[in-house]
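Asker: What follows is entry21.tsv; its format and atoms are TSV, C-alpha atoms.
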chain	number	residue	atom	x	y	z
V	235	MET	CA	3.93	-6.33	31.10
V	236	TYR	CA	2.58	-6.76	27.58
V	237	ASP	CA	3.84	-9.35	25.17
V	238	VAL	CA	3.89	-6.81	22.33
V	239	ILE	CA	3.42	-3.04	22.12
V	240	VAL	CA	2.49	-1.83	18.64
V	241	VAL	CA	2.94	1.85	17.83
V	242	GLY	CA	0.68	2.90	14.94
V	243	ALA	CA	-2.84	1.60	14.37
V	244	ARG	CA	-3.46	1.91	10.65
V	245	CYS	CA	-2.94	-0.67	7.87
V	246	ALA	CA	0.02	-2.48	9.43
V	247	GLY	CA	-0.35	-2.01	13.18
V	248	SER	CA	-4.01	-2.91	13.61
V	249	PRO	CA	-3.82	-6.17	11.60
V	250	LEU	CA	-0.63	-7.18	13.43
V	251	SER	CA	-2.28	-6.51	16.79
V	252	MET	CA	-5.42	-8.37	15.77
V	253	LEU	CA	-3.53	-11.44	14.57
V	254	LEU	CA	-1.37	-11.65	17.69
V	255	ALA	CA	-4.32	-11.03	20.04
V	256	ARG	CA	-6.20	-13.83	18.32
V	257	LYS	CA	-3.30	-16.11	19.26
V	258	GLY	CA	-3.75	-15.17	22.91
V	259	TYR	CA	-0.96	-12.63	23.33
V	260	ARG	CA	-1.36	-9.53	25.48
V	261	ILE	CA	-1.15	-6.60	23.08
V	262	LEU	CA	-1.08	-2.83	23.54
V	263	LEU	CA	-1.88	-0.87	20.37
V	264	VAL	CA	-1.37	2.91	20.48
V	265	ASP	CA	-1.81	5.71	17.98
V	266	ARG	CA	-1.65	9.48	18.26
V	267	ALA	CA	-4.76	9.75	16.03
V	268	THR	CA	-8.36	9.02	16.93
V	269	PHE	CA	-10.53	6.90	14.66
V	270	PRO	CA	-12.22	7.28	12.29
V	271	SER	CA	-9.73	9.73	10.78
V	272	ASP	CA	-8.26	10.28	7.35
V	273	THR	CA	-4.69	10.07	6.12
V	274	VAL	CA	-3.05	10.80	2.78
V	275	SER	CA	-3.38	7.63	0.73
V	276	THR	CA	-4.21	6.23	-2.70
V	277	HIS	CA	-6.36	3.81	-0.62
V	278	PHE	CA	-6.38	0.94	-3.13
V	279	ILE	CA	-6.42	-2.71	-2.11
V	280	TRP	CA	-5.10	-5.15	-4.70
V	281	LEU	CA	-6.03	-8.84	-4.72
V	282	SER	CA	-3.07	-9.68	-2.49
V	283	GLY	CA	-4.51	-7.35	0.15
V	284	ALA	CA	-8.13	-8.39	-0.37
V	285	ALA	CA	-7.08	-12.02	0.12
V	286	CYS	CA	-5.58	-11.03	3.49
V	287	LEU	CA	-8.86	-9.44	4.54
V	288	ASN	CA	-10.65	-12.59	3.47
V	289	ARG	CA	-8.32	-14.81	5.52
V	290	TRP	CA	-8.91	-12.55	8.53
V	291	GLY	CA	-12.69	-12.70	8.17
V	292	LEU	CA	-12.91	-8.97	7.40
V	293	LEU	CA	-13.63	-8.88	3.67
V	294	ASP	CA	-17.40	-9.13	4.11
V	295	ARG	CA	-17.21	-6.26	6.60
V	296	LEU	CA	-15.50	-4.14	3.97
V	297	ARG	CA	-18.14	-5.06	1.39
V	298	ALA	CA	-20.82	-4.08	3.89
V	299	THR	CA	-19.47	-0.52	4.01
V	300	GLY	CA	-20.73	-0.05	0.45
V	301	CYS	CA	-17.27	0.25	-1.06
V	302	PRO	CA	-17.65	-0.89	-4.70
V	303	ALA	CA	-15.86	-4.05	-5.83
V	304	ILE	CA	-13.50	-3.67	-8.80
V	305	ARG	CA	-12.64	-6.42	-11.27
V	306	GLU	CA	-11.77	-5.09	-14.73
V	307	ILE	CA	-8.85	-2.68	-14.76
V	308	GLY	CA	-6.30	-1.59	-17.31
V	309	LEU	CA	-3.10	0.17	-18.29
V	310	ASP	CA	-3.46	3.00	-20.79
V	311	PHE	CA	-0.28	4.12	-22.49
V	312	GLY	CA	-1.90	6.28	-25.15
V	313	PRO	CA	-1.04	4.34	-28.31
V	314	PHE	CA	-2.45	1.15	-26.79
V	315	ILE	CA	-4.59	0.07	-23.85
V	316	VAL	CA	-4.25	-3.21	-22.01
V	317	LYS	CA	-7.38	-4.20	-20.12
V	318	GLY	CA	-8.51	-7.31	-18.34
V	319	THR	CA	-9.21	-9.08	-15.07
V	320	ALA	CA	-6.33	-10.18	-12.88
V	321	PRO	CA	-6.31	-13.88	-11.96
V	322	PRO	CA	-8.01	-14.39	-8.57
V	323	LEU	CA	-6.11	-15.23	-5.40
V	324	ASP	CA	-7.38	-17.81	-2.91
V	325	GLY	CA	-10.84	-17.47	-4.40
V	326	VAL	CA	-10.85	-13.66	-4.12
V	327	ALA	CA	-11.48	-11.84	-7.41
V	328	ASP	CA	-12.44	-8.33	-6.26
V	329	MET	CA	-10.32	-5.30	-5.48
V	330	PHE	CA	-11.41	-2.23	-3.51
V	331	GLY	CA	-10.64	1.43	-2.94
V	332	PRO	CA	-12.08	2.22	0.52
V	333	ARG	CA	-11.75	5.59	2.21
V	334	ARG	CA	-9.18	5.42	4.97
V	335	THR	CA	-11.76	6.75	7.42
V	336	VAL	CA	-13.66	3.53	6.73
V	337	LEU	CA	-10.85	1.00	6.37
V	338	ASP	CA	-8.71	2.08	9.32
V	339	LYS	CA	-11.69	2.16	11.68
V	340	LEU	CA	-12.67	-1.34	10.54
V	341	LEU	CA	-9.13	-2.58	11.25
V	342	ILE	CA	-8.68	-0.97	14.67
V	343	ASP	CA	-12.11	-2.25	15.74
V	344	ALA	CA	-11.06	-5.76	14.69
V	345	ALA	CA	-7.92	-5.47	16.82
V	346	ALA	CA	-9.96	-4.39	19.84
V	347	GLU	CA	-12.49	-7.20	19.28
V	348	ALA	CA	-9.62	-9.70	19.22
V	349	GLY	CA	-8.58	-8.55	22.69
V	350	ALA	CA	-5.88	-5.95	22.08
V	351	ASP	CA	-5.79	-2.99	24.45
V	352	VAL	CA	-6.23	0.05	22.20
V	353	GLU	CA	-5.17	3.56	23.21
V	354	GLN	CA	-6.09	6.35	20.79
V	355	ALA	CA	-4.80	9.94	21.06
V	356	PHE	CA	-1.64	8.50	22.61
V	357	THR	CA	1.65	10.21	21.80
V	358	VAL	CA	4.81	8.13	22.11
V	359	THR	CA	7.68	10.29	23.33
V	360	GLY	CA	10.38	7.61	23.45
V	361	ILE	CA	11.29	4.01	24.05
V	362	THR	CA	12.67	2.47	27.19
V	363	SER	CA	15.64	0.12	27.04
V	364	SER	CA	17.94	-2.00	29.17
V	365	ASN	CA	21.38	-3.26	28.17
V	366	GLY	CA	20.83	-2.25	24.55
V	367	ARG	CA	17.44	-3.95	24.29
V	368	ALA	CA	14.12	-2.16	23.79
V	369	THR	CA	11.84	-2.86	26.73
V	370	GLY	CA	8.83	-0.60	26.19
V	371	ILE	CA	7.58	2.89	25.46
V	372	ARG	CA	6.95	6.13	27.26
V	373	GLY	CA	4.31	8.62	26.26
V	374	HIS	CA	1.11	10.36	27.23
V	375	GLY	CA	-2.58	10.16	26.49
V	376	ARG	CA	-5.29	12.81	26.42
V	377	ASN	CA	-4.66	13.95	30.00
V	378	GLY	CA	-0.98	14.62	29.31
V	379	ALA	CA	0.35	12.50	32.17
V	380	GLU	CA	3.58	10.73	31.18
V	381	ILE	CA	3.40	6.95	31.52
V	382	GLU	CA	5.59	3.96	30.69
V	383	GLU	CA	4.53	0.56	29.42
V	384	SER	CA	6.81	-2.45	29.04
V	385	ALA	CA	6.74	-5.38	26.61
V	386	LYS	CA	8.81	-8.27	25.33
V	387	ILE	CA	8.94	-6.58	21.92
V	388	VAL	CA	8.07	-3.10	20.64
V	389	VAL	CA	6.85	-2.80	17.05
V	390	GLY	CA	6.97	0.38	15.01
V	391	ALA	CA	3.99	0.53	12.64
V	392	ASP	CA	4.13	4.31	12.61
V	393	GLY	CA	4.77	5.05	8.95
V	394	ARG	CA	7.68	6.20	6.83
V	395	HIS	CA	8.73	8.84	9.38
V	396	SER	CA	8.71	6.19	12.11
V	397	ALA	CA	9.68	7.48	15.54
V	398	ILE	CA	10.44	3.90	16.60
V	399	ALA	CA	12.81	3.38	13.66
V	400	SER	CA	14.55	6.63	14.53
V	401	ALA	CA	14.79	5.76	18.22
V	402	VAL	CA	16.46	2.39	17.58
V	403	GLY	CA	18.63	3.65	14.70
V	404	ALA	CA	17.31	1.17	12.14
V	405	ASP	CA	19.65	0.86	9.17
V	406	VAL	CA	18.34	2.16	5.82
V	407	TYR	CA	19.36	0.56	2.51
V	408	ASN	CA	18.41	0.17	-1.16
V	409	VAL	CA	17.46	3.85	-1.23
V	410	ARG	CA	16.19	5.42	-4.46
V	411	PRO	CA	15.58	9.14	-4.95
V	412	ARG	CA	12.14	10.68	-4.57
V	413	MET	CA	10.66	11.07	-8.04
V	414	THR	CA	7.01	12.11	-7.97
V	415	CYS	CA	4.47	14.25	-6.21
V	416	CYS	CA	0.76	13.53	-6.22
V	417	TYR	CA	-2.54	15.34	-5.85
V	418	TYR	CA	-5.99	13.81	-5.57
V	419	SER	CA	-9.56	14.65	-4.66
V	420	TYR	CA	-13.09	13.21	-4.76
V	421	TRP	CA	-15.92	13.68	-7.24
V	422	ARG	CA	-19.64	12.94	-7.01
V	423	ASP	CA	-21.96	11.87	-9.85
V	424	VAL	CA	-19.15	10.60	-12.08
V	425	PRO	CA	-20.56	8.43	-14.90
V	426	PRO	CA	-19.25	4.86	-15.39
V	427	HIS	CA	-15.90	4.82	-17.16
V	428	PHE	CA	-12.92	2.56	-17.73
V	429	LEU	CA	-10.71	2.22	-14.63
V	430	ALA	CA	-7.05	2.29	-15.57
V	431	LEU	CA	-3.66	3.75	-14.80
V	432	ARG	CA	-3.28	6.34	-17.57
V	433	ALA	CA	0.30	7.13	-18.56
V	434	ARG	CA	1.02	10.29	-20.54
V	435	PRO	CA	4.27	12.26	-20.89
V	436	ASN	CA	5.42	13.11	-17.36
V	437	ARG	CA	2.03	12.19	-15.92
V	438	LEU	CA	0.30	9.18	-14.39
V	439	MET	CA	-3.44	9.41	-13.68
V	440	GLY	CA	-6.30	7.27	-12.51
V	441	THR	CA	-9.68	7.00	-10.85
V	442	THR	CA	-11.11	4.64	-8.26
V	443	PRO	CA	-14.69	4.30	-7.01
V	444	THR	CA	-14.88	4.55	-3.24
V	445	ASN	CA	-17.37	4.86	-0.40
V	446	ASP	CA	-20.47	7.07	-0.42
V	447	GLY	CA	-20.79	7.05	-4.20
V	448	LEU	CA	-17.62	9.08	-4.65
V	449	VAL	CA	-14.79	8.61	-7.14
V	450	LEU	CA	-11.14	9.30	-6.32
V	451	GLY	CA	-9.23	11.08	-9.08
V	452	LEU	CA	-5.48	11.45	-8.85
V	453	VAL	CA	-2.51	12.69	-10.85
V	454	PHE	CA	1.19	12.01	-10.33
V	455	PHE	CA	3.60	14.73	-11.46
V	456	PRO	CA	7.42	14.84	-11.54
V	457	LEU	CA	8.71	16.01	-8.18
V	458	ALA	CA	10.53	18.85	-9.96
V	459	GLU	CA	7.12	20.35	-10.83
V	460	PHE	CA	5.82	20.39	-7.26
V	461	ASP	CA	6.13	24.13	-6.65
V	462	LYS	CA	4.58	24.94	-10.01
V	463	VAL	CA	1.68	22.53	-9.53
V	464	ARG	CA	0.80	23.65	-6.02
V	465	SER	CA	0.67	27.27	-7.18
V	466	ASP	CA	-2.59	26.36	-8.98
V	467	ILE	CA	-3.45	22.76	-8.23
V	468	ASP	CA	-6.81	22.65	-9.97
V	469	ALA	CA	-5.51	24.13	-13.22
V	470	HIS	CA	-2.57	21.73	-13.45
V	471	PHE	CA	-4.64	18.77	-12.29
V	472	MET	CA	-7.42	19.26	-14.81
V	473	ALA	CA	-5.00	20.10	-17.63
V	474	SER	CA	-3.41	16.70	-17.02
V	475	ILE	CA	-6.77	14.94	-16.91
V	476	ASP	CA	-7.74	16.65	-20.18
V	477	THR	CA	-4.95	14.75	-21.99
V	478	VAL	CA	-7.15	11.64	-21.66
V	479	PRO	CA	-10.49	12.53	-23.30
V	480	ASP	CA	-12.69	9.82	-21.78
V	481	LEU	CA	-11.24	10.42	-18.32
V	482	SER	CA	-11.72	14.17	-18.71
V	483	GLU	CA	-15.31	13.68	-19.84
V	484	ALA	CA	-16.08	11.49	-16.83
V	485	LEU	CA	-14.62	13.79	-14.14
V	486	ARG	CA	-15.93	16.98	-15.74
V	487	ALA	CA	-19.41	15.45	-15.77
V	488	GLY	CA	-19.20	15.08	-12.01
V	489	GLU	CA	-18.70	17.55	-9.18
V	490	ARG	CA	-15.57	17.81	-7.05
V	491	VAL	CA	-16.75	17.76	-3.43
V	492	GLU	CA	-13.52	17.94	-1.42
V	493	ARG	CA	-10.29	19.90	-1.47
V	494	TYR	CA	-7.18	18.54	-3.13
V	495	TYR	CA	-4.87	16.40	-1.00
V	496	GLY	CA	-1.21	16.05	-1.89
V	497	ALA	CA	2.08	14.39	-1.09
V	498	ALA	CA	5.64	15.15	-2.12
V	499	ASP	CA	7.59	13.03	0.34
V	500	MET	CA	7.23	9.63	-1.30
V	501	GLU	CA	10.57	8.13	-0.38
V	502	ASN	CA	11.93	4.80	-1.60
V	503	PHE	CA	13.86	2.71	0.91
V	504	PHE	CA	14.10	-0.44	2.98
V	505	ARG	CA	14.93	-0.41	6.68
V	506	LYS	CA	16.28	-3.31	8.65
V	507	PRO	CA	13.03	-4.40	10.31
V	508	TYR	CA	14.21	-5.87	13.59
V	509	GLY	CA	16.75	-5.71	16.38
V	510	GLU	CA	17.03	-6.37	20.09
V	511	GLY	CA	13.51	-6.10	21.41
V	512	TRP	CA	12.06	-4.22	18.44
V	513	ALA	CA	10.63	-4.71	14.96
V	514	LEU	CA	9.19	-2.60	12.13
V	515	VAL	CA	6.22	-3.29	9.86
V	516	GLY	CA	4.48	-1.54	6.97
V	517	ASP	CA	5.81	1.80	5.76
V	518	ALA	CA	8.00	2.06	8.86
V	519	GLY	CA	10.17	-0.70	7.44
V	520	TYR	CA	9.70	-0.43	3.69
V	521	GLN	CA	8.44	2.51	1.66
V	522	LYS	CA	8.09	3.19	-2.04
V	523	ASP	CA	6.40	5.62	-4.39
V	524	ALA	CA	2.60	5.46	-4.32
V	525	CYS	CA	2.28	5.36	-8.13
V	526	THR	CA	1.45	1.63	-8.10
V	527	ALA	CA	-0.75	1.92	-4.99
V	528	GLN	CA	0.81	-1.09	-3.27
V	529	GLY	CA	1.18	0.33	0.25
V	530	ILE	CA	-1.95	-1.07	1.91
V	531	SER	CA	-1.65	-4.55	0.41
V	532	ASP	CA	2.07	-4.71	1.24
V	533	SER	CA	1.35	-3.63	4.82
V	534	PHE	CA	-1.25	-6.38	5.20
V	535	LEU	CA	1.20	-9.04	4.00
V	536	SER	CA	4.01	-7.71	6.21
V	537	ALA	CA	1.69	-7.78	9.21
V	538	GLU	CA	0.90	-11.45	8.58
V	539	TRP	CA	4.56	-12.38	8.26
V	540	LEU	CA	5.63	-10.42	11.34
V	541	ALA	CA	2.76	-11.86	13.40
V	542	GLU	CA	3.94	-15.36	12.54
V	543	ALA	CA	7.57	-14.50	13.36
V	544	ILE	CA	6.68	-12.99	16.73
V	545	HIS	CA	4.46	-15.97	17.53
V	546	GLU	CA	7.28	-18.38	16.72
V	547	GLY	CA	9.69	-16.40	18.88
V	548	LEU	CA	7.44	-15.89	21.89
V	549	SER	CA	6.06	-19.44	21.83
V	550	GLY	CA	9.53	-20.99	21.75
V	551	VAL	CA	9.34	-22.54	18.27
V	552	ARG	CA	12.70	-20.89	17.62
V	553	PRO	CA	14.70	-17.97	19.03
V	554	LEU	CA	12.89	-14.66	18.48
V	555	ASN	CA	15.77	-13.05	16.58
V	556	ASP	CA	15.98	-16.06	14.25
V	557	ALA	CA	12.27	-15.77	13.50
V	558	LEU	CA	12.60	-12.03	12.92
V	559	ALA	CA	15.57	-12.58	10.62
V	560	GLU	CA	13.39	-14.91	8.53
V	561	TYR	CA	10.69	-12.23	8.42
V	562	HIS	CA	13.34	-9.78	7.18
V	563	ARG	CA	14.49	-12.18	4.46
V	564	LYS	CA	10.96	-13.01	3.35
V	565	ARG	CA	9.89	-9.38	3.20
V	566	ASP	CA	12.87	-8.25	1.13
V	567	GLU	CA	12.69	-11.21	-1.23
V	568	HIS	CA	8.94	-10.89	-1.80
V	569	PHE	CA	8.93	-7.13	-2.40
V	570	ALA	CA	12.15	-6.78	-4.40
V	571	ALA	CA	10.47	-7.03	-7.80
V	572	ILE	CA	7.53	-4.68	-7.12
V	573	TYR	CA	9.94	-2.19	-5.55
V	574	GLN	CA	12.09	-2.13	-8.69
V	575	PHE	CA	9.01	-2.04	-10.94
V	576	THR	CA	7.45	0.83	-8.97
V	577	CYS	CA	10.63	2.87	-9.02
V	578	GLY	CA	10.70	2.43	-12.80
V	579	ILE	CA	7.10	3.61	-13.17
V	580	ALA	CA	7.82	6.57	-10.86
V	581	THR	CA	10.25	8.04	-13.39
V	582	LEU	CA	7.10	8.85	-15.44
V	583	ALA	CA	9.14	8.02	-18.54
V	584	PRO	CA	7.76	5.96	-21.44
V	585	PRO	CA	8.45	2.22	-21.19
V	586	PRO	CA	11.58	1.09	-23.05
V	587	PRO	CA	10.99	-0.11	-26.64
V	588	GLU	CA	10.95	-3.82	-25.78
V	589	ILE	CA	8.30	-3.28	-23.10
V	590	GLN	CA	6.25	-1.09	-25.44
V	591	ALA	CA	6.37	-3.96	-27.92
V	592	LEU	CA	5.18	-6.32	-25.19
V	593	TYR	CA	2.25	-4.11	-24.21
V	594	ALA	CA	1.27	-3.61	-27.85
V	595	ALA	CA	1.30	-7.39	-28.30
V	596	LEU	CA	-1.07	-7.80	-25.36
V	597	VAL	CA	-3.86	-5.68	-26.81
V	598	HIS	CA	-5.39	-8.69	-28.60
V	599	ASN	CA	-4.25	-11.32	-26.09
V	600	PRO	CA	-6.81	-11.40	-23.25
V	601	ALA	CA	-5.23	-14.26	-21.32
V	602	GLU	CA	-1.82	-12.63	-21.12
V	603	SER	CA	-3.38	-9.21	-20.50
V	604	ASP	CA	-5.00	-10.71	-17.41
V	605	ARG	CA	-1.63	-12.02	-16.30
V	606	LEU	CA	0.02	-8.63	-16.80
V	607	LEU	CA	-2.58	-7.05	-14.55
V	608	GLY	CA	-1.96	-9.89	-12.12
V	609	THR	CA	1.60	-8.62	-11.66
V	610	LEU	CA	0.14	-5.47	-10.10
V	611	ALA	CA	-2.59	-7.33	-8.23
V	612	GLY	CA	-0.09	-9.67	-6.61
V	613	THR	CA	-1.29	-12.85	-8.28
V	614	VAL	CA	1.38	-13.29	-10.97
V	615	PRO	CA	5.11	-13.02	-10.11
V	616	ILE	CA	6.71	-10.05	-11.86
V	617	PRO	CA	9.99	-11.88	-12.71
V	618	GLU	CA	8.00	-14.70	-14.27
V	619	PHE	CA	5.85	-12.50	-16.49
V	620	TYR	CA	8.65	-10.17	-17.57
V	621	SER	CA	11.22	-12.91	-18.15
V	622	PRO	CA	12.88	-12.63	-21.58
V	623	GLU	CA	11.42	-15.99	-22.59
V	624	ASN	CA	7.85	-15.01	-21.73
V	625	VAL	CA	8.14	-11.58	-23.36
V	626	ALA	CA	9.52	-13.15	-26.55
V	627	ARG	CA	6.76	-15.75	-26.56
V	628	ILE	CA	4.00	-13.13	-26.27
V	629	ILE	CA	5.49	-10.91	-28.99
V	630	SER	CA	6.02	-13.88	-31.31
V	631	HIS	CA	2.43	-15.00	-30.77
V	632	ALA	CA	1.18	-11.52	-31.71
V	633	ALA	CA	3.37	-11.39	-34.80
V	634	ALA	CA	2.15	-14.80	-35.96
V	635	ALA	CA	-1.47	-13.79	-35.42
V	636	ALA	CA	-0.95	-10.62	-37.46
V	637	VAL	CA	0.10	-12.52	-40.61
V	638	ARG	CA	-2.72	-15.06	-40.45
Could the structure of this file be written out as structure tokens, please?
Answerer:
Amino acid sequence: MYDVIVVGARCAGSPLSMLLARKGYRILLVDRATFPSDTVSTHFIWLSGAACLNRWGLLDRLRATGCPAIREIGLDFGPFIVKGTAPPLDGVADMFGPRRTVLDKLLIDAAAEAGADVEQAFTVTGITSSNGRATGIRGHGRNGAEIEESAKIVVGADGRHSAIASAVGADVYNVRPRMTCCYYSYWRDVPPHFLALRARPNRLMGTTPTNDGLVLGLVFFPLAEFDKVRSDIDAHFMASIDTVPDLSEALRAGERVERYYGAADMENFFRKPYGEGWALVGDAGYQKDACTAQGISDSFLSAEWLAEAIHEGLSGVRPLNDALAEYHRKRDEHFAAIYQFTCGIATLAPPPPEIQALYAALVHNPAESDRLLGTLAGTVPIPEFYSPENVARIISHAAAAAVR
């Protein structure tokens, strides 16, 4: 019997398995994919996620892949641009945009090195249970033979369409409608340019340097335009990019070297992340629109919190369900603000007048611009920065500076 079976070996499952294996637990990590392999992703790691990699001893490995470090970023709303450097976290000042073929292989290798048993190309067909409690999984590997494995707890790290969540009937709550669709691709020989989220009417765009000298370019469209956009992706994509002259100049100077990848199923929800003998982590338990690119960093944090909860429960520090309930509370409390913020951005509507006034006031305020960007990077609490008192202070400071 295993202590923990983890289903899904990408940005939540592999770190969870690694952390628990490092504590001496017997872990089985399975995934239907083989690695390295790609998956649809904005593949950005904010400072909150980079700090996790640093704590785990994996940040230098990521740097060694040649993925460029990112420091200065910005928000471009057309009439004004806020740019700066987010405050560092635990001594980490760099952000990254690694290809998922690179990042996910690095993570699953780390889990195996820590002692987890890793089974790739393994399809889970169901869970086993006894007296209402999950006791393991059934499934098959490459040879197709059906097998069963048992564990003290089964963790679903298998994404937003989690088979484990479906099997246990995990409750869904705080649901928001789907709002955007997204297309992205990769360009070679793109000249240096300002890295920012570029907001234009009904569009959100950006670029990120990634592995092998490539640059990711992406555009978010309203979900209602999905059929129209996919009828001629390149035309609609480049027409959107052309609304930002410097961004258009940069991408058009390069060469697109891969097909377009897209997503239109960016749901917004929380699931109850635990029950009798089971737990959920990453997108399996909490999913939001990709427009703020928080998924990887959030999965890393959730994996840390769940690893600690499982350790407390299995080591007898406190009852397992009590530890998992604390994980549930911590997750929901920590991500509430970025969830609300992301759902607001996903409307692709202009910021309300008071927020436009705030952003305009930041243009000549480098210190507070850095803090604004820290709200995305995970180093400045969103409620603190956007509190009425702080917003009024920043706007008043800008007004006073204008009359001097």
Asker: May I ask which of the residues V:Cys301, V:Ile398, V:Leu250, V:Val389 is the closest one to V:Ala345, counting all atoms listed in the file?
Answerer: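 Answer, going by the shortest atom-to-atom distance: V:Leu250.
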Asker: Could you give me, as a ChimeraX atom specification, the residues within 10 Å of V:Val358, counting all atoms listed in the file and dropping anything in the same chain fewer than 6 positions from it?
Answerer: /V:241-242,264-266,371-375,380-382,397-398
Asker: Compare V:Tyr417, V:Tyr259, V:Phe311, V:Trp280 by their minimum atom-to-atom distance to V:Ala350, counting all atoms listed in the file, and give me the closest one.
Answerer: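 Among the listed residues, V:Tyr259 lies closest to V:Ala350.
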Asker: Compare V:Val491, V:Met500, V:Val424, V:Ala591 by their minimum atom-to-atom distance to V:Arg410, counting only C-alpha atoms, and give me the closest one.
Answerer: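 Under the stated criterion, the closest residue is V:Met500.
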Asker: Give the answer as one residue: which of V:His395, V:Arg295, V:Arg289, V:Arg605 has the shortest atom-to-atom distance to V:Lys339, using all atoms listed in the file?
Answerer: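 Looking only at the distances to V:Lys339, the closest residue turns out to be V:Arg295.
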